[in-house]
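Have a look at start_23.cif; it's mmCIF, C-alpha atoms and all ligand atoms:
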```cif
data_model
loop_
_atom_site.group_PDB
_atom_site.id
_atom_site.type_symbol
_atom_site.label_atom_id
_atom_site.label_comp_id
_atom_site.auth_asym_id
_atom_site.auth_seq_id
_atom_site.Cartn_x
_atom_site.Cartn_y
_atom_site.Cartn_z
ATOM 1 C CA MET A 491 0.000 0.000 0.000
ATOM 2 C CA GLY A 492 1.339 3.443 -0.940
ATOM 3 C CA LEU A 493 1.399 6.563 1.236
ATOM 4 C CA LEU A 494 -1.431 8.050 -0.850
ATOM 5 C CA THR A 495 -3.549 4.973 -1.517
ATOM 6 C CA GLY A 496 -7.222 5.921 -1.431
ATOM 7 C CA ARG A 497 -6.487 9.631 -1.867
ATOM 8 C CA ARG A 498 -7.762 11.619 -4.852
ATOM 9 C CA ALA A 499 -5.516 14.395 -6.164
ATOM 10 C CA LEU A 500 -6.101 17.287 -8.545
ATOM 11 C CA ILE A 501 -2.824 18.583 -9.987
ATOM 12 C CA VAL A 502 -2.833 22.026 -11.579
ATOM 13 C CA GLY A 503 0.249 23.355 -13.407
ATOM 14 C CA ILE A 504 1.637 20.801 -15.846
ATOM 15 C CA ALA A 505 3.073 22.402 -18.978
ATOM 16 C CA SER A 506 5.675 19.775 -19.899
ATOM 17 C CA GLU A 507 7.338 16.631 -18.574
ATOM 18 C CA ARG A 508 9.865 18.961 -16.884
ATOM 19 C CA SER A 509 7.192 20.736 -14.843
ATOM 20 C CA LEU A 510 7.468 20.337 -11.075
ATOM 21 C CA ALA A 511 3.782 19.389 -11.194
ATOM 22 C CA ALA A 512 4.583 16.510 -13.586
ATOM 23 C CA ALA A 513 7.160 15.151 -11.123
ATOM 24 C CA ILE A 514 4.601 15.516 -8.332
ATOM 25 C CA ALA A 515 1.974 13.668 -10.401
ATOM 26 C CA THR A 516 4.414 10.809 -11.040
ATOM 27 C CA ALA A 517 5.400 10.506 -7.382
ATOM 28 C CA MET A 518 1.791 10.691 -6.195
ATOM 29 C CA ALA A 519 0.724 8.009 -8.697
ATOM 30 C CA GLU A 520 3.581 5.791 -7.497
ATOM 31 C CA GLU A 521 2.251 6.207 -3.947
ATOM 32 C CA GLY A 522 -1.215 5.063 -4.993
ATOM 33 C CA ALA A 523 -3.101 8.356 -5.455
ATOM 34 C CA GLU A 524 -5.864 8.585 -8.027
ATOM 35 C CA LEU A 525 -5.168 11.639 -10.200
ATOM 36 C CA MET A 526 -6.852 14.217 -12.344
ATOM 37 C CA LEU A 527 -4.695 16.778 -14.163
ATOM 38 C CA THR A 528 -5.488 20.113 -15.751
ATOM 39 C CA TYR A 529 -4.180 21.880 -18.844
ATOM 40 C CA GLN A 530 -4.286 25.621 -19.355
ATOM 41 C CA ASN A 531 -5.385 25.716 -22.997
ATOM 42 C CA GLU A 532 -5.887 23.641 -26.157
ATOM 43 C CA ARG A 533 -2.225 24.092 -27.098
ATOM 44 C CA LEU A 534 -1.232 22.061 -24.034
ATOM 45 C CA ARG A 535 -4.075 19.546 -24.044
ATOM 46 C CA GLU A 536 -2.251 16.739 -25.887
ATOM 47 C CA ARG A 537 0.987 17.155 -23.999
ATOM 48 C CA VAL A 538 -0.781 16.994 -20.636
ATOM 49 C CA ALA A 539 -2.901 14.060 -21.860
ATOM 50 C CA THR A 540 0.299 12.146 -22.692
ATOM 51 C CA ILE A 541 1.643 12.785 -19.193
ATOM 52 C CA GLY A 542 -1.796 11.866 -17.827
ATOM 53 C CA GLY A 543 -1.630 8.547 -19.696
ATOM 54 C CA ALA A 544 1.808 7.811 -18.236
ATOM 55 C CA VAL A 545 0.613 8.370 -14.648
ATOM 56 C CA GLY A 546 -2.766 6.681 -15.161
ATOM 57 C CA ALA A 547 -4.756 9.879 -14.585
ATOM 58 C CA LYS A 548 -8.521 9.462 -14.534
ATOM 59 C CA ALA A 549 -9.029 12.623 -16.615
ATOM 60 C CA CYS A 550 -7.413 15.794 -17.886
ATOM 61 C CA LEU A 551 -9.625 18.864 -17.562
ATOM 62 C CA PRO A 552 -9.152 22.419 -18.860
ATOM 63 C CA CYS A 553 -8.374 25.107 -16.286
ATOM 64 C CA GLU A 554 -7.475 28.743 -16.884
ATOM 65 C CA VAL A 555 -7.017 30.080 -13.365
ATOM 66 C CA THR A 556 -7.831 33.706 -14.235
ATOM 67 C CA ASP A 557 -11.242 32.766 -15.641
ATOM 68 C CA GLU A 558 -14.088 32.174 -13.115
ATOM 69 C CA ALA A 559 -16.176 30.300 -15.720
ATOM 70 C CA SER A 560 -13.251 27.936 -16.322
ATOM 71 C CA LEU A 561 -12.899 27.341 -12.562
ATOM 72 C CA GLN A 562 -16.619 26.621 -12.252
ATOM 73 C CA ALA A 563 -16.431 24.181 -15.165
ATOM 74 C CA LEU A 564 -13.465 22.496 -13.454
ATOM 75 C CA SER A 565 -15.465 22.198 -10.254
ATOM 76 C CA ALA A 566 -18.366 20.598 -12.154
ATOM 77 C CA GLY A 567 -16.006 18.288 -14.082
ATOM 78 C CA LEU A 568 -14.458 17.058 -10.834
ATOM 79 C CA ALA A 569 -17.811 16.577 -9.124
ATOM 80 C CA ALA A 570 -19.033 14.518 -12.096
ATOM 81 C CA GLN A 571 -16.337 11.917 -11.373
ATOM 82 C CA TRP A 572 -15.457 12.237 -7.702
ATOM 83 C CA ASP A 573 -17.596 12.728 -4.594
ATOM 84 C CA GLY A 574 -14.667 14.143 -2.627
ATOM 85 C CA LEU A 575 -11.108 15.401 -2.991
ATOM 86 C CA GLU A 576 -8.164 14.799 -0.661
ATOM 87 C CA ILE A 577 -5.333 16.639 -2.451
ATOM 88 C CA LEU A 578 -5.074 19.875 -4.439
ATOM 89 C CA VAL A 579 -1.663 20.774 -5.875
ATOM 90 C CA HIS A 580 -1.294 24.364 -7.123
ATOM 91 C CA ALA A 581 1.854 24.787 -9.267
ATOM 92 C CA VAL A 582 0.998 27.841 -11.330
ATOM 93 C CA ALA A 583 2.916 31.059 -11.893
ATOM 94 C CA PHE A 584 3.297 33.667 -14.577
ATOM 95 C CA ALA A 585 4.685 37.179 -15.058
ATOM 96 C CA PRO A 586 5.394 38.939 -18.358
ATOM 97 C CA ALA A 587 8.963 38.182 -19.510
ATOM 98 C CA GLU A 588 9.960 41.863 -19.617
ATOM 99 C CA SER A 589 9.220 42.152 -15.878
ATOM 100 C CA LEU A 590 11.658 39.347 -15.026
ATOM 101 C CA ARG A 591 14.851 41.127 -15.972
ATOM 102 C CA GLY A 592 16.761 44.261 -15.095
ATOM 103 C CA ARG A 593 16.195 46.782 -12.333
ATOM 104 C CA TYR A 594 13.082 46.182 -10.221
ATOM 105 C CA ILE A 595 12.078 49.836 -10.266
ATOM 106 C CA GLU A 596 12.122 49.968 -14.046
ATOM 107 C CA SER A 597 10.732 46.564 -14.965
ATOM 108 C CA VAL A 598 7.646 46.386 -12.770
ATOM 109 C CA SER A 599 4.652 47.969 -14.469
ATOM 110 C CA ARG A 600 1.180 48.113 -12.940
ATOM 111 C CA GLU A 601 0.014 45.618 -15.533
ATOM 112 C CA ALA A 602 2.851 43.152 -14.864
ATOM 113 C CA SER A 603 2.171 43.399 -11.134
ATOM 114 C CA THR A 604 -1.552 42.752 -11.581
ATOM 115 C CA VAL A 605 -1.025 39.757 -13.870
ATOM 116 C CA ALA A 606 1.703 38.228 -11.688
ATOM 117 C CA HIS A 607 -0.410 38.495 -8.538
ATOM 118 C CA ASP A 608 -3.581 37.257 -10.224
ATOM 119 C CA VAL A 609 -2.057 34.163 -11.876
ATOM 120 C CA SER A 610 0.571 33.293 -9.264
ATOM 121 C CA SER A 611 -1.104 34.187 -5.969
ATOM 122 C CA TYR A 612 -4.851 34.806 -6.138
ATOM 123 C CA SER A 613 -5.263 31.599 -8.151
ATOM 124 C CA LEU A 614 -4.570 29.508 -5.029
ATOM 125 C CA THR A 615 -7.549 31.030 -3.245
ATOM 126 C CA ALA A 616 -9.684 30.825 -6.392
ATOM 127 C CA LEU A 617 -8.881 27.126 -6.801
ATOM 128 C CA ALA A 618 -9.455 26.442 -3.106
ATOM 129 C CA ARG A 619 -12.883 28.068 -3.402
ATOM 130 C CA ALA A 620 -13.740 26.156 -6.577
ATOM 131 C CA THR A 621 -12.881 22.823 -4.929
ATOM 132 C CA HIS A 622 -13.978 23.644 -1.374
ATOM 133 C CA SER A 623 -17.170 21.567 -1.308
ATOM 134 C CA LEU A 624 -15.285 18.502 -2.586
ATOM 135 C CA LEU A 625 -12.362 19.071 -0.189
ATOM 136 C CA ARG A 626 -14.819 19.179 2.720
ATOM 137 C CA LYS A 627 -16.057 15.736 1.695
ATOM 138 C CA GLY A 628 -12.514 14.362 1.322
ATOM 139 C CA ARG A 629 -10.812 12.790 4.334
ATOM 140 C CA ASP A 630 -7.867 14.712 5.834
ATOM 141 C CA ALA A 631 -7.634 16.935 2.763
ATOM 142 C CA ALA A 632 -4.394 18.787 1.994
ATOM 143 C CA LEU A 633 -3.653 21.728 -0.298
ATOM 144 C CA LEU A 634 -0.137 22.395 -1.519
ATOM 145 C CA THR A 635 1.359 25.320 -3.392
ATOM 146 C CA LEU A 636 4.853 25.978 -4.763
ATOM 147 C CA SER A 637 6.836 29.041 -3.797
ATOM 148 C CA TYR A 638 10.386 30.335 -4.051
ATOM 149 C CA LEU A 639 12.905 32.123 -1.812
ATOM 150 C CA GLY A 640 12.264 35.334 -3.764
ATOM 151 C CA ALA A 641 9.219 35.698 -1.479
ATOM 152 C CA GLU A 642 11.547 36.295 1.489
ATOM 153 C CA ARG A 643 14.640 37.904 -0.076
ATOM 154 C CA ALA A 644 15.300 40.208 -3.011
ATOM 155 C CA VAL A 645 16.671 37.922 -5.727
ATOM 156 C CA PRO A 646 18.160 39.528 -8.884
ATOM 157 C CA ASN A 647 15.770 39.437 -11.874
ATOM 158 C CA TYR A 648 13.010 37.621 -9.946
ATOM 159 C CA ASN A 649 11.491 41.098 -9.565
ATOM 160 C CA ILE A 650 7.671 41.155 -9.456
ATOM 161 C CA MET A 651 7.465 37.394 -8.844
ATOM 162 C CA GLY A 652 8.969 38.082 -5.392
ATOM 163 C CA PRO A 653 6.014 40.134 -4.107
ATOM 164 C CA ALA A 654 3.634 37.715 -5.887
ATOM 165 C CA LYS A 655 5.182 34.726 -4.071
ATOM 166 C CA ALA A 656 5.114 36.631 -0.745
ATOM 167 C CA SER A 657 1.412 37.183 -1.337
ATOM 168 C CA LEU A 658 1.007 33.491 -2.234
ATOM 169 C CA GLU A 659 2.661 32.417 1.027
ATOM 170 C CA ALA A 660 0.445 34.803 3.009
ATOM 171 C CA SER A 661 -2.636 33.424 1.231
ATOM 172 C CA MET A 662 -1.481 29.927 2.126
ATOM 173 C CA ARG A 663 -1.419 30.921 5.820
ATOM 174 C CA TYR A 664 -4.847 32.589 5.669
ATOM 175 C CA LEU A 665 -6.309 29.520 3.959
ATOM 176 C CA ALA A 666 -4.663 27.272 6.565
ATOM 177 C CA ALA A 667 -6.280 29.322 9.341
ATOM 178 C CA ASP A 668 -9.659 29.398 7.632
ATOM 179 C CA LEU A 669 -9.865 25.779 6.490
ATOM 180 C CA GLY A 670 -8.128 24.175 9.477
ATOM 181 C CA PRO A 671 -11.345 23.832 11.531
ATOM 182 C CA GLU A 672 -12.734 21.751 8.639
ATOM 183 C CA GLY A 673 -9.735 19.432 8.848
ATOM 184 C CA ILE A 674 -8.171 20.798 5.658
ATOM 185 C CA ARG A 675 -4.422 21.518 5.768
ATOM 186 C CA VAL A 676 -2.619 24.049 3.534
ATOM 187 C CA ASN A 677 1.149 24.176 3.012
ATOM 188 C CA ALA A 678 3.803 25.419 0.609
ATOM 189 C CA ILE A 679 7.088 24.066 -0.676
ATOM 190 C CA SER A 680 9.722 26.702 -1.350
ATOM 191 C CA ALA A 681 11.746 24.954 -4.036
ATOM 192 C CA GLY A 682 15.278 25.677 -5.136
ATOM 193 C CA PRO A 683 15.782 26.503 -8.834
ATOM 194 C CA VAL A 684 14.965 23.748 -11.338
ATOM 195 C CA LYS A 685 15.091 24.228 -15.115
ATOM 196 C CA THR A 686 11.476 24.287 -16.341
ATOM 197 C CA LEU A 687 9.544 26.374 -18.876
ATOM 198 C CA ALA A 688 8.538 28.962 -16.258
ATOM 199 C CA ALA A 689 12.100 29.150 -14.921
ATOM 200 C CA SER A 690 13.499 29.767 -18.414
ATOM 201 C CA GLY A 691 11.541 33.034 -18.443
ATOM 202 C CA ILE A 692 13.691 34.450 -15.625
ATOM 203 C CA SER A 693 16.670 36.362 -16.947
ATOM 204 C CA GLY A 694 20.022 34.903 -15.829
ATOM 205 C CA PHE A 695 18.477 31.632 -14.654
ATOM 206 C CA ARG A 696 21.610 29.674 -15.565
ATOM 207 C CA THR A 697 23.709 31.923 -13.318
ATOM 208 C CA MET A 698 21.151 31.439 -10.571
ATOM 209 C CA LEU A 699 21.539 27.641 -10.858
ATOM 210 C CA GLN A 700 25.335 27.897 -10.754
ATOM 211 C CA HIS A 701 25.337 30.233 -7.742
ATOM 212 C CA HIS A 702 22.880 27.972 -5.926
ATOM 213 C CA ALA A 703 24.990 24.863 -6.539
ATOM 214 C CA GLU A 704 28.113 26.650 -5.256
ATOM 215 C CA GLN A 705 26.544 28.201 -2.148
ATOM 216 C CA ALA A 706 23.905 25.731 -0.925
ATOM 217 C CA PRO A 707 25.011 23.676 2.094
ATOM 218 C CA LEU A 708 24.627 20.471 0.058
ATOM 219 C CA ARG A 709 26.722 22.071 -2.746
ATOM 220 C CA ARG A 710 24.340 21.065 -5.523
ATOM 221 C CA ASN A 711 21.068 21.906 -7.170
ATOM 222 C CA ILE A 712 17.897 20.026 -6.403
ATOM 223 C CA GLU A 713 15.926 17.686 -8.652
ATOM 224 C CA ALA A 714 12.236 17.872 -9.403
ATOM 225 C CA ARG A 715 11.705 14.442 -7.853
ATOM 226 C CA GLU A 716 12.983 15.792 -4.513
ATOM 227 C CA VAL A 717 10.248 18.429 -4.570
ATOM 228 C CA ALA A 718 7.813 15.658 -5.476
ATOM 229 C CA GLN A 719 8.856 13.488 -2.525
ATOM 230 C CA ALA A 720 8.264 16.390 -0.138
ATOM 231 C CA ALA A 721 4.909 17.008 -1.839
ATOM 232 C CA VAL A 722 3.900 13.386 -1.209
ATOM 233 C CA PHE A 723 4.770 13.801 2.478
ATOM 234 C CA LEU A 724 2.874 17.088 2.868
ATOM 235 C CA CYS A 725 -0.211 15.638 1.140
ATOM 236 C CA SER A 726 -0.162 12.360 3.081
ATOM 237 C CA THR A 727 -1.444 11.684 6.575
ATOM 238 C CA ARG A 728 2.216 11.406 7.703
ATOM 239 C CA SER A 729 2.175 15.223 7.968
ATOM 240 C CA SER A 730 -1.172 15.339 9.775
ATOM 241 C CA ALA A 731 -0.147 18.087 12.249
ATOM 242 C CA ILE A 732 1.579 20.313 9.686
ATOM 243 C CA THR A 733 -0.341 23.247 8.245
ATOM 244 C CA GLY A 734 0.437 26.881 7.400
ATOM 245 C CA GLU A 735 4.043 25.835 6.749
ATOM 246 C CA VAL A 736 6.606 26.792 4.095
ATOM 247 C CA LEU A 737 8.962 23.834 3.694
ATOM 248 C CA HIS A 738 12.219 24.691 1.922
ATOM 249 C CA VAL A 739 13.355 22.008 -0.517
ATOM 250 C CA ASP A 740 16.467 23.790 -1.726
ATOM 251 C CA ALA A 741 19.548 21.859 -0.565
ATOM 252 C CA GLY A 742 19.636 24.263 2.401
ATOM 253 C CA TYR A 743 20.261 27.442 0.384
ATOM 254 C CA HIS A 744 17.750 29.472 2.428
ATOM 255 C CA ALA A 745 19.778 28.886 5.581
ATOM 256 C CA VAL A 746 22.989 30.547 4.422
HETATM 257 P P1 LIG B 1 6.148 25.193 -15.586
HETATM 258 O O1 LIG B 1 6.406 23.795 -15.974
HETATM 259 O O2 LIG B 1 6.276 26.226 -16.653
HETATM 260 O O3 LIG B 1 4.739 25.304 -14.858
HETATM 261 C C1 LIG B 1 4.064 26.539 -14.655
HETATM 262 C C2 LIG B 1 2.610 26.257 -14.907
HETATM 263 O O4 LIG B 1 1.765 27.388 -14.667
HETATM 264 C C3 LIG B 1 2.379 25.864 -16.365
HETATM 265 O O5 LIG B 1 1.641 24.680 -16.421
HETATM 266 C C4 LIG B 1 1.618 27.064 -16.881
HETATM 267 O O6 LIG B 1 0.859 26.814 -18.035
HETATM 268 C C5 LIG B 1 0.784 27.364 -15.684
HETATM 269 N N1 LIG B 1 0.043 28.603 -15.848
HETATM 270 C C6 LIG B 1 0.543 29.849 -16.101
HETATM 271 N N2 LIG B 1 -0.469 30.713 -16.251
HETATM 272 C C7 LIG B 1 -1.628 30.003 -16.071
HETATM 273 C C8 LIG B 1 -3.006 30.339 -16.086
HETATM 274 N N3 LIG B 1 -3.411 31.604 -16.314
HETATM 275 N N4 LIG B 1 -3.930 29.357 -15.874
HETATM 276 C C9 LIG B 1 -3.533 28.086 -15.658
HETATM 277 N N5 LIG B 1 -2.243 27.710 -15.627
HETATM 278 C C10 LIG B 1 -1.294 28.656 -15.832
HETATM 279 O O7 LIG B 1 7.161 25.643 -14.430
HETATM 280 P P2 LIG B 1 7.448 25.093 -12.948
HETATM 281 O O8 LIG B 1 8.803 25.583 -12.641
HETATM 282 O O9 LIG B 1 7.136 23.656 -12.831
HETATM 283 O O10 LIG B 1 6.437 25.956 -12.063
HETATM 284 C C11 LIG B 1 5.490 25.392 -11.163
HETATM 285 C C12 LIG B 1 5.467 26.208 -9.885
HETATM 286 O O11 LIG B 1 6.708 26.010 -9.196
HETATM 287 C C13 LIG B 1 5.334 27.711 -10.096
HETATM 288 O O12 LIG B 1 4.502 28.246 -9.085
HETATM 289 C C14 LIG B 1 6.756 28.203 -9.901
HETATM 290 O O13 LIG B 1 6.828 29.548 -9.499
HETATM 291 C C15 LIG B 1 7.182 27.272 -8.787
HETATM 292 N N6 LIG B 1 8.624 27.211 -8.576
HETATM 293 C C16 LIG B 1 9.461 26.875 -9.586
HETATM 294 C C17 LIG B 1 10.827 26.843 -9.357
HETATM 295 C C18 LIG B 1 11.785 26.507 -10.471
HETATM 296 O O14 LIG B 1 12.960 26.812 -10.350
HETATM 297 N N7 LIG B 1 11.354 25.855 -11.537
HETATM 298 C C19 LIG B 1 11.332 27.130 -8.085
HETATM 299 C C20 LIG B 1 10.453 27.463 -7.058
HETATM 300 C C21 LIG B 1 9.097 27.503 -7.317
HETATM 301 P P3 LIG B 1 1.393 27.485 -19.431
HETATM 302 O O15 LIG B 1 2.724 26.928 -19.736
HETATM 303 O O16 LIG B 1 0.359 27.134 -20.427
HETATM 304 O O17 LIG B 1 1.442 28.972 -19.200
#
```
For this file, produce the structure as structure tokens.
Ligand code: NAP
Amino acid sequence: MGLLTGRRALIVGIASERSLAAAIATAMAEEGAELMLTYQNERLRERVATIGGAVGAKACLPCEVTDEASLQALSAGLAAQWDGLEILVHAVAFAPAESLRGRYIESVSREASTVAHDVSSYSLTALARATHSLLRKGRDAALLTLSYLGAERAVPNYNIMGPAKASLEASMRYLAADLGPEGIRVNAISAGPVKTLAASGISGFRTMLQHHAEQAPLRRNIEAREVAQAAVFLCSTRSSAITGEVLHVDAGYHAV
């Protein structure tokens, strides 16, 4: 029996096989979870469906997190197949490329700030609301989001994603406080840098990886599967007393 046997998981944020969410889906399937995945738009449908096939997902549903109608359709699509939900993984972030390079004061427009906060932070609350009735019917439900150290420190080029991730972490704590009395836990993993599509949008990402590998206590970068293993733990009953937490999975970089 796996750590997640009998648990139903919705995973939001797969864009490619390199996505952290894809690694999480694989690890959760290996631990016995039943999965449904989402894809942002038609362009990604086939790619996500292929990953869904590989992890034995029950379905792949469309989900554009900035669109309330899309979230309502997702909620209905889930309810048509499941009468409860134990795990929601939120692995979504976006900011316009021009806001992820150069001086903070020059790169951050009002529009970039609004988009970054809407897609990368508010979407956690929007998804929690859209799945709330199912989560309440799930047993020992757990929500998980993915953050980065740029929420706590000013990281070159991360720019507007820093405030967006700080807002995401605060939302995680407010959701943990609000949903805790219903037995629903909410946590975040603050992951070290991993080369994915979203990461490639950050200017100087290669330098960031090199610096991280040189400075982190473990003297290396992390792998997506290490984030996935922590995700399995935080979404299993093994972490039953942990909520409102940001767990750093970054080879210790945050500590130095
Ligand atoms: P990724 O593979 O590019 O995943 C990002 C996901 O967000 C994609 O599936 C993307 O879909 C989706 N997304 C963006 N806008 C959306 C919208 N409006 N509606 C629905 N989905 C949307 O990159 P990743 O690195 O795995 O990122 C996953 C999470 O991990 C993000 O929150 C990221 O900030 C976080 N994280 C990543 C790292 C890292 O170094 N990679 C480190 C710490 C934290 P599209 O491709 O279609 O836009």
task: Report as number ranges by chain the residues that result from applying the PyMOL selection byres (((chain A and resi 554) around 12) and not hetatm) to the structure here.
output: A: 502-503, 528-532, 534, 551-553, 555-564, 582-583, 608-610, 613, 616-617
Any idea what's packed within 12 Å of Leu669 in chain A, counting all atoms listed in the file, ignoring anything in its chain fewer than 2 positions away? Could you give it as a PDB file with C-alpha atoms, in the frame of the given file?
```
ATOM      1  CA  THR A 615      -7.549  31.030  -3.245  1.00  0.00           C
ATOM      2  CA  ALA A 618      -9.455  26.442  -3.106  1.00  0.00           C
ATOM      3  CA  ARG A 619     -12.883  28.068  -3.402  1.00  0.00           C
ATOM      4  CA  HIS A 622     -13.978  23.644  -1.374  1.00  0.00           C
ATOM      5  CA  SER A 623     -17.170  21.567  -1.308  1.00  0.00           C
ATOM      6  CA  LEU A 625     -12.362  19.071  -0.189  1.00  0.00           C
ATOM      7  CA  ARG A 626     -14.819  19.179   2.720  1.00  0.00           C
ATOM      8  CA  ASP A 630      -7.867  14.712   5.834  1.00  0.00           C
ATOM      9  CA  ALA A 631      -7.634  16.935   2.763  1.00  0.00           C
ATOM     10  CA  ALA A 632      -4.394  18.787   1.994  1.00  0.00           C
ATOM     11  CA  LEU A 633      -3.653  21.728  -0.298  1.00  0.00           C
ATOM     12  CA  SER A 661      -2.636  33.424   1.231  1.00  0.00           C
ATOM     13  CA  MET A 662      -1.481  29.927   2.126  1.00  0.00           C
ATOM     14  CA  ARG A 663      -1.419  30.921   5.820  1.00  0.00           C
ATOM     15  CA  TYR A 664      -4.847  32.589   5.669  1.00  0.00           C
ATOM     16  CA  LEU A 665      -6.309  29.520   3.959  1.00  0.00           C
ATOM     17  CA  ALA A 666      -4.663  27.272   6.565  1.00  0.00           C
ATOM     18  CA  ALA A 667      -6.280  29.322   9.341  1.00  0.00           C
ATOM     19  CA  PRO A 671     -11.345  23.832  11.531  1.00  0.00           C
ATOM     20  CA  GLU A 672     -12.734  21.751   8.639  1.00  0.00           C
ATOM     21  CA  GLY A 673      -9.735  19.432   8.848  1.00  0.00           C
ATOM     22  CA  ILE A 674      -8.171  20.798   5.658  1.00  0.00           C
ATOM     23  CA  ARG A 675      -4.422  21.518   5.768  1.00  0.00           C
ATOM     24  CA  VAL A 676      -2.619  24.049   3.534  1.00  0.00           C
ATOM     25  CA  ASN A 677       1.149  24.176   3.012  1.00  0.00           C
ATOM     26  CA  THR A 733      -0.341  23.247   8.245  1.00  0.00           C
ATOM     27  CA  GLY A 734       0.437  26.881   7.400  1.00  0.00           C
TER      28      GLY A 734
END
```
- request: Could you tell me which residues the PyMOL selection byres (((chain A and resi 508-521) around 8) and not hetatm) grabs in this file, written as a PyMOL selection string?
  value: chain A and resi 491-495+501-507+522-525+541+545-546+579+581+685-687+714-715+717-719+721-722
Could you save those same residues with C-alpha atoms as a PDB file, in the frame of the given file?
```
ATOM      1  CA  MET A 491       0.000   0.000   0.000  1.00  0.00           C
ATOM      2  CA  GLY A 492       1.339   3.443  -0.940  1.00  0.00           C
ATOM      3  CA  LEU A 493       1.399   6.563   1.236  1.00  0.00           C
ATOM      4  CA  LEU A 494      -1.431   8.050  -0.850  1.00  0.00           C
ATOM      5  CA  THR A 495      -3.549   4.973  -1.517  1.00  0.00           C
ATOM      6  CA  ILE A 501      -2.824  18.583  -9.987  1.00  0.00           C
ATOM      7  CA  VAL A 502      -2.833  22.026 -11.579  1.00  0.00           C
ATOM      8  CA  GLY A 503       0.249  23.355 -13.407  1.00  0.00           C
ATOM      9  CA  ILE A 504       1.637  20.801 -15.846  1.00  0.00           C
ATOM     10  CA  ALA A 505       3.073  22.402 -18.978  1.00  0.00           C
ATOM     11  CA  SER A 506       5.675  19.775 -19.899  1.00  0.00           C
ATOM     12  CA  GLU A 507       7.338  16.631 -18.574  1.00  0.00           C
ATOM     13  CA  GLY A 522      -1.215   5.063  -4.993  1.00  0.00           C
ATOM     14  CA  ALA A 523      -3.101   8.356  -5.455  1.00  0.00           C
ATOM     15  CA  GLU A 524      -5.864   8.585  -8.027  1.00  0.00           C
ATOM     16  CA  LEU A 525      -5.168  11.639 -10.200  1.00  0.00           C
ATOM     17  CA  ILE A 541       1.643  12.785 -19.193  1.00  0.00           C
ATOM     18  CA  VAL A 545       0.613   8.370 -14.648  1.00  0.00           C
ATOM     19  CA  GLY A 546      -2.766   6.681 -15.161  1.00  0.00           C
ATOM     20  CA  VAL A 579      -1.663  20.774  -5.875  1.00  0.00           C
ATOM     21  CA  ALA A 581       1.854  24.787  -9.267  1.00  0.00           C
ATOM     22  CA  LYS A 685      15.091  24.228 -15.115  1.00  0.00           C
ATOM     23  CA  THR A 686      11.476  24.287 -16.341  1.00  0.00           C
ATOM     24  CA  LEU A 687       9.544  26.374 -18.876  1.00  0.00           C
ATOM     25  CA  ALA A 714      12.236  17.872  -9.403  1.00  0.00           C
ATOM     26  CA  ARG A 715      11.705  14.442  -7.853  1.00  0.00           C
ATOM     27  CA  VAL A 717      10.248  18.429  -4.570  1.00  0.00           C
ATOM     28  CA  ALA A 718       7.813  15.658  -5.476  1.00  0.00           C
ATOM     29  CA  GLN A 719       8.856  13.488  -2.525  1.00  0.00           C
ATOM     30  CA  ALA A 721       4.909  17.008  -1.839  1.00  0.00           C
ATOM     31  CA  VAL A 722       3.900  13.386  -1.209  1.00  0.00           C
TER      32      VAL A 722
END
```
message: Show me, as a PyMOL selection string, the residues that have an atom within 8 Å of Ala654 in chain A when counting all atoms listed in the file, minus same-chain residues fewer than 4 positions from it.
response: chain A and resi 603+606-607+610-611+641+650+658
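Nearest to ligand LIG 1 (chain B) of all the residues A:Gly640, A:Pro653, A:Pro707, A:Gly742 is A:Gly640, based on only C-alpha atoms and all ligand atoms.
Across A:Arg710, A:Ala678, A:Asp668, A:Ala499, the tightest approach to Leu737 in chain A is made by A:Ala678 when counting all atoms listed in the file.
Minimum atom-to-atom distance to ligand LIG 1 (chain B), evaluated using only C-alpha atoms and all ligand atoms, belongs to A:Phe584 out of A:Trp572, A:Phe695, A:Tyr743, A:Phe584.
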query: What does the distance from CA of Arg629 in chain A to atom N3 of ligand LIG 1 (chain B) come to in Å, to one decimal?
result: 28.9 Å
Report, as AutoDock Vina command-line options, the centre and edge lengths in Å (one decimal) of the axis-aligned box enclosing every listed atom of ligand LIG 1 (chain B), padded by 4 Å on each side.
```
--center_x 4.5 --center_y 27.6 --center_z -13.7 --size_x 24.9 --size_y 15.9 --size_z 21.4
```
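Distance annotation: of A:Gly682, A:Met526, A:Val739, A:Tyr648, the residue with the minimal separation from Leu699 in chain A is A:Gly682; atom set is only C-alpha atoms.
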